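Visitor: Quick one: this structure, given as structure tokens, is what I'll be asking you about.
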Amino acid sequence: MDTLDTILGDIQDQADQDAEAYLGAKAYALWQDPTHVGTFSHPDGVGDLTGACGDSIQIEIRVDNEHIREARFWTDGCGPSIVSGCAACILAENKTLEEAASLQAVDIIRFLGGLPEDKEHCAHLAARTLQEAVAHFIRAQHHLLS
């Protein structure tokens with residue numbers, strides 16, 4: 001059994017090294033220990049989009065005094081979708097609504113230290129989802145004032 005454990009450990013180590021080489025060190029670390037995962041019982045704004053690849057990202061925000069105080073995400077997607085959703089939430093927190101809505105995929109990619117070119121669409125999906133969460137909040141506020 002000890003030999004099997006060693007073989008499995010070696011396979012896992014190689015898989016981890018390959019994943020880190022593919023994603024980059026910062027994105028890999030965030031994938032291994034993602035933050036901002038989950039939902040709120042009563043979010044102030046919600047964005048929920050599905051990309052052309054079939055991955056969905058949902059971002060929920062809590063707003064106080066025109067600033068995003070908390071953000072959470074959920075995805076059914078791949079590792080790059082997970083780290084992109086996480087990065088979008090990290091970047092949005094404590095930003096004004098306008099600042100958060102102006103975050104782009106390039107900001108997420110830069111924060112992560114890069115993404116594989118074939119996975120950059122995940123950052124685009126996360127940025128658009130965050131923008132949708134902000135827009136949802138603004139529409140809801142406008143509706144309340146009407």
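In the structure tokens, chains take the letters A, B, ... in the order shown, each chain's residues start at 1, and ligands count up from 1 in the order shown.
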Would you list, as a ChimeraX atom specification, the residues of chain A that end up in strand (DSSP E) under DSSP run on this structure's backbone?

Guide: /A:45-50,56-64,67-75

Visitor: Generate the output file for the selected residues, C-alpha atoms, as a compact mmCIF listing (two decimals), in the first residue's frame.

Guide:
```txt
# COMPACT_ATOMS: atom_id res chain seq x y z
CA GLY A 45 -27.42 43.37 -6.75
CA VAL A 46 -27.08 40.15 -8.72
CA GLY A 47 -25.44 39.42 -12.04
CA ASP A 48 -25.82 35.96 -13.56
CA LEU A 49 -24.43 35.26 -17.01
CA THR A 50 -23.47 32.26 -19.10
CA SER A 56 -22.00 30.40 -15.76
CA ILE A 57 -20.89 32.94 -13.18
CA GLN A 58 -23.12 34.62 -10.65
CA ILE A 59 -21.89 37.63 -8.68
CA GLU A 60 -23.83 39.12 -5.79
CA ILE A 61 -23.02 42.45 -4.17
CA ARG A 62 -23.88 44.29 -0.99
CA VAL A 63 -23.83 48.05 -1.34
CA ASP A 64 -23.48 50.73 1.30
CA HIS A 67 -19.71 51.48 -2.46
CA ILE A 68 -19.57 47.72 -2.86
CA ARG A 69 -18.88 46.53 0.65
CA GLU A 70 -19.03 42.79 -0.06
CA ALA A 71 -19.09 40.63 -3.15
CA ARG A 72 -19.56 36.89 -3.57
CA PHE A 73 -19.58 34.62 -6.58
CA TRP A 74 -20.61 31.17 -7.66
CA THR A 75 -19.68 29.35 -10.84
```

Visitor: Taking only C-alpha atoms into account, name the residue in A:Leu145, A:Ala105, A:Leu112, A:Cys122 that is nearest to A:Asp76.

Guide: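 Among A:Leu145, A:Ala105, A:Leu112, A:Cys122, it is A:Cys122 that comes nearest to A:Asp76.
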
Visitor: A:Arg128, A:Glu98, A:Cys78, A:Glu66: which is nearest A:Ala19, counting only C-alpha atoms?

Guide: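 Among the listed residues, A:Cys78 lies closest to A:Ala19.
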
Visitor: Once DSSP has gone over the backbone, tell me which residues of chain A are in helix (DSSP H, G or I), as a PyMOL selection string.

Guide: chain A and resi 2-23+25-32+79-92+97-101+105-112+117-145

Visitor: Considering only C-alpha atoms, can you say which of A:Ile11, A:Leu97, A:Leu91, A:Ala21 comes closest to A:Val134?

Guide: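 Using only C-alpha atoms, A:Val134 sits closest to A:Leu97.
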
Visitor: Set the distance at 12 Å and use only C-alpha atoms: which residues neighbour A:Arg110 once local chain neighbours fewer than 5 positions away are removed? I'd like the list as a PDB file with C-alpha atoms, in the first residue's frame.

Guide:
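Dumped everything to result-v6.pdb:
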```pdb
ATOM      1  CA  GLY A  24       0.314  30.961 -13.235  1.00  0.00           C
ATOM      2  CA  LYS A  26      -1.228  33.712  -8.350  1.00  0.00           C
ATOM      3  CA  ALA A  27      -4.201  32.219 -10.193  1.00  0.00           C
ATOM      4  CA  SER A  84     -11.838  35.105 -12.481  1.00  0.00           C
ATOM      5  CA  ALA A  87     -10.719  38.220  -8.682  1.00  0.00           C
ATOM      6  CA  ALA A  88     -13.734  40.243  -9.829  1.00  0.00           C
ATOM      7  CA  LEU A  91     -11.316  43.987  -7.149  1.00  0.00           C
ATOM      8  CA  LEU A 103     -13.616  46.964 -14.226  1.00  0.00           C
ATOM      9  CA  GLN A 104     -12.658  45.082 -17.367  1.00  0.00           C
ATOM     10  CA  ALA A 105     -11.270  41.649 -18.171  1.00  0.00           C
ATOM     11  CA  LEU A 115      -4.391  33.679 -17.698  1.00  0.00           C
ATOM     12  CA  GLU A 120      -9.167  34.800 -21.048  1.00  0.00           C
ATOM     13  CA  ALA A 123     -12.152  37.031 -17.177  1.00  0.00           C
TER      14      ALA A 123
END
```

Visitor: Calculated over only C-alpha atoms, which of the candidates A:His42, A:His142, A:Lys95, A:His121 has the smallest distance to A:Ile109?

Guide: A:His121

Visitor: What's the 9 Å shell around A:Pro34, counting only C-alpha atoms, without same-chain residues fewer than 2 positions away, as a PDB file with N, CA, C and O atoms, in the first residue's frame?

Guide:
```pdb
ATOM      1  N   ALA A  29      -2.790  29.694  -6.875  1.00  0.00           N
ATOM      2  CA  ALA A  29      -2.978  29.817  -5.429  1.00  0.00           C
ATOM      3  C   ALA A  29      -4.436  30.164  -5.106  1.00  0.00           C
ATOM      4  O   ALA A  29      -5.019  29.620  -4.166  1.00  0.00           O
ATOM      5  N   LEU A  30      -5.026  31.043  -5.890  1.00  0.00           N
ATOM      6  CA  LEU A  30      -6.423  31.430  -5.676  1.00  0.00           C
ATOM      7  C   LEU A  30      -7.362  30.268  -6.007  1.00  0.00           C
ATOM      8  O   LEU A  30      -8.389  30.090  -5.356  1.00  0.00           O
ATOM      9  N   TRP A  31      -7.010  29.472  -6.993  1.00  0.00           N
ATOM     10  CA  TRP A  31      -7.809  28.303  -7.344  1.00  0.00           C
ATOM     11  C   TRP A  31      -7.768  27.267  -6.211  1.00  0.00           C
ATOM     12  O   TRP A  31      -8.777  26.633  -5.889  1.00  0.00           O
ATOM     13  N   GLN A  32      -6.604  27.121  -5.588  1.00  0.00           N
ATOM     14  CA  GLN A  32      -6.456  26.163  -4.497  1.00  0.00           C
ATOM     15  C   GLN A  32      -7.189  26.603  -3.236  1.00  0.00           C
ATOM     16  O   GLN A  32      -7.623  25.769  -2.444  1.00  0.00           O
ATOM     17  N   HIS A  36     -14.321  34.553  -1.364  1.00  0.00           N
ATOM     18  CA  HIS A  36     -15.514  35.202  -1.901  1.00  0.00           C
ATOM     19  C   HIS A  36     -16.490  34.235  -2.578  1.00  0.00           C
ATOM     20  O   HIS A  36     -17.316  34.654  -3.380  1.00  0.00           O
ATOM     21  N   VAL A  37     -16.405  32.964  -2.263  1.00  0.00           N
ATOM     22  CA  VAL A  37     -17.313  31.977  -2.833  1.00  0.00           C
ATOM     23  C   VAL A  37     -18.591  31.953  -2.002  1.00  0.00           C
ATOM     24  O   VAL A  37     -18.536  31.978  -0.773  1.00  0.00           O
ATOM     25  N   ILE A  82     -13.366  30.074 -11.892  1.00  0.00           N
ATOM     26  CA  ILE A  82     -13.332  30.240 -10.439  1.00  0.00           C
ATOM     27  C   ILE A  82     -12.432  31.412 -10.065  1.00  0.00           C
ATOM     28  O   ILE A  82     -12.850  32.314  -9.328  1.00  0.00           O
ATOM     29  N   VAL A  83     -11.204  31.425 -10.571  1.00  0.00           N
ATOM     30  CA  VAL A  83     -10.286  32.497 -10.177  1.00  0.00           C
ATOM     31  C   VAL A  83     -10.708  33.842 -10.756  1.00  0.00           C
ATOM     32  O   VAL A  83     -10.487  34.881 -10.127  1.00  0.00           O
ATOM     33  N   CYS A  86     -13.555  35.087  -8.512  1.00  0.00           N
ATOM     34  CA  CYS A  86     -12.948  35.483  -7.244  1.00  0.00           C
ATOM     35  C   CYS A  86     -12.240  36.829  -7.398  1.00  0.00           C
ATOM     36  O   CYS A  86     -12.416  37.743  -6.574  1.00  0.00           O
TER      37      CYS A  86
END
```

Visitor: Please, what distance in Å, to one decimal, runs between atom CA of A:Thr96 and atom CA of A:Phe40?

Guide: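 The value is 19.5 Å.
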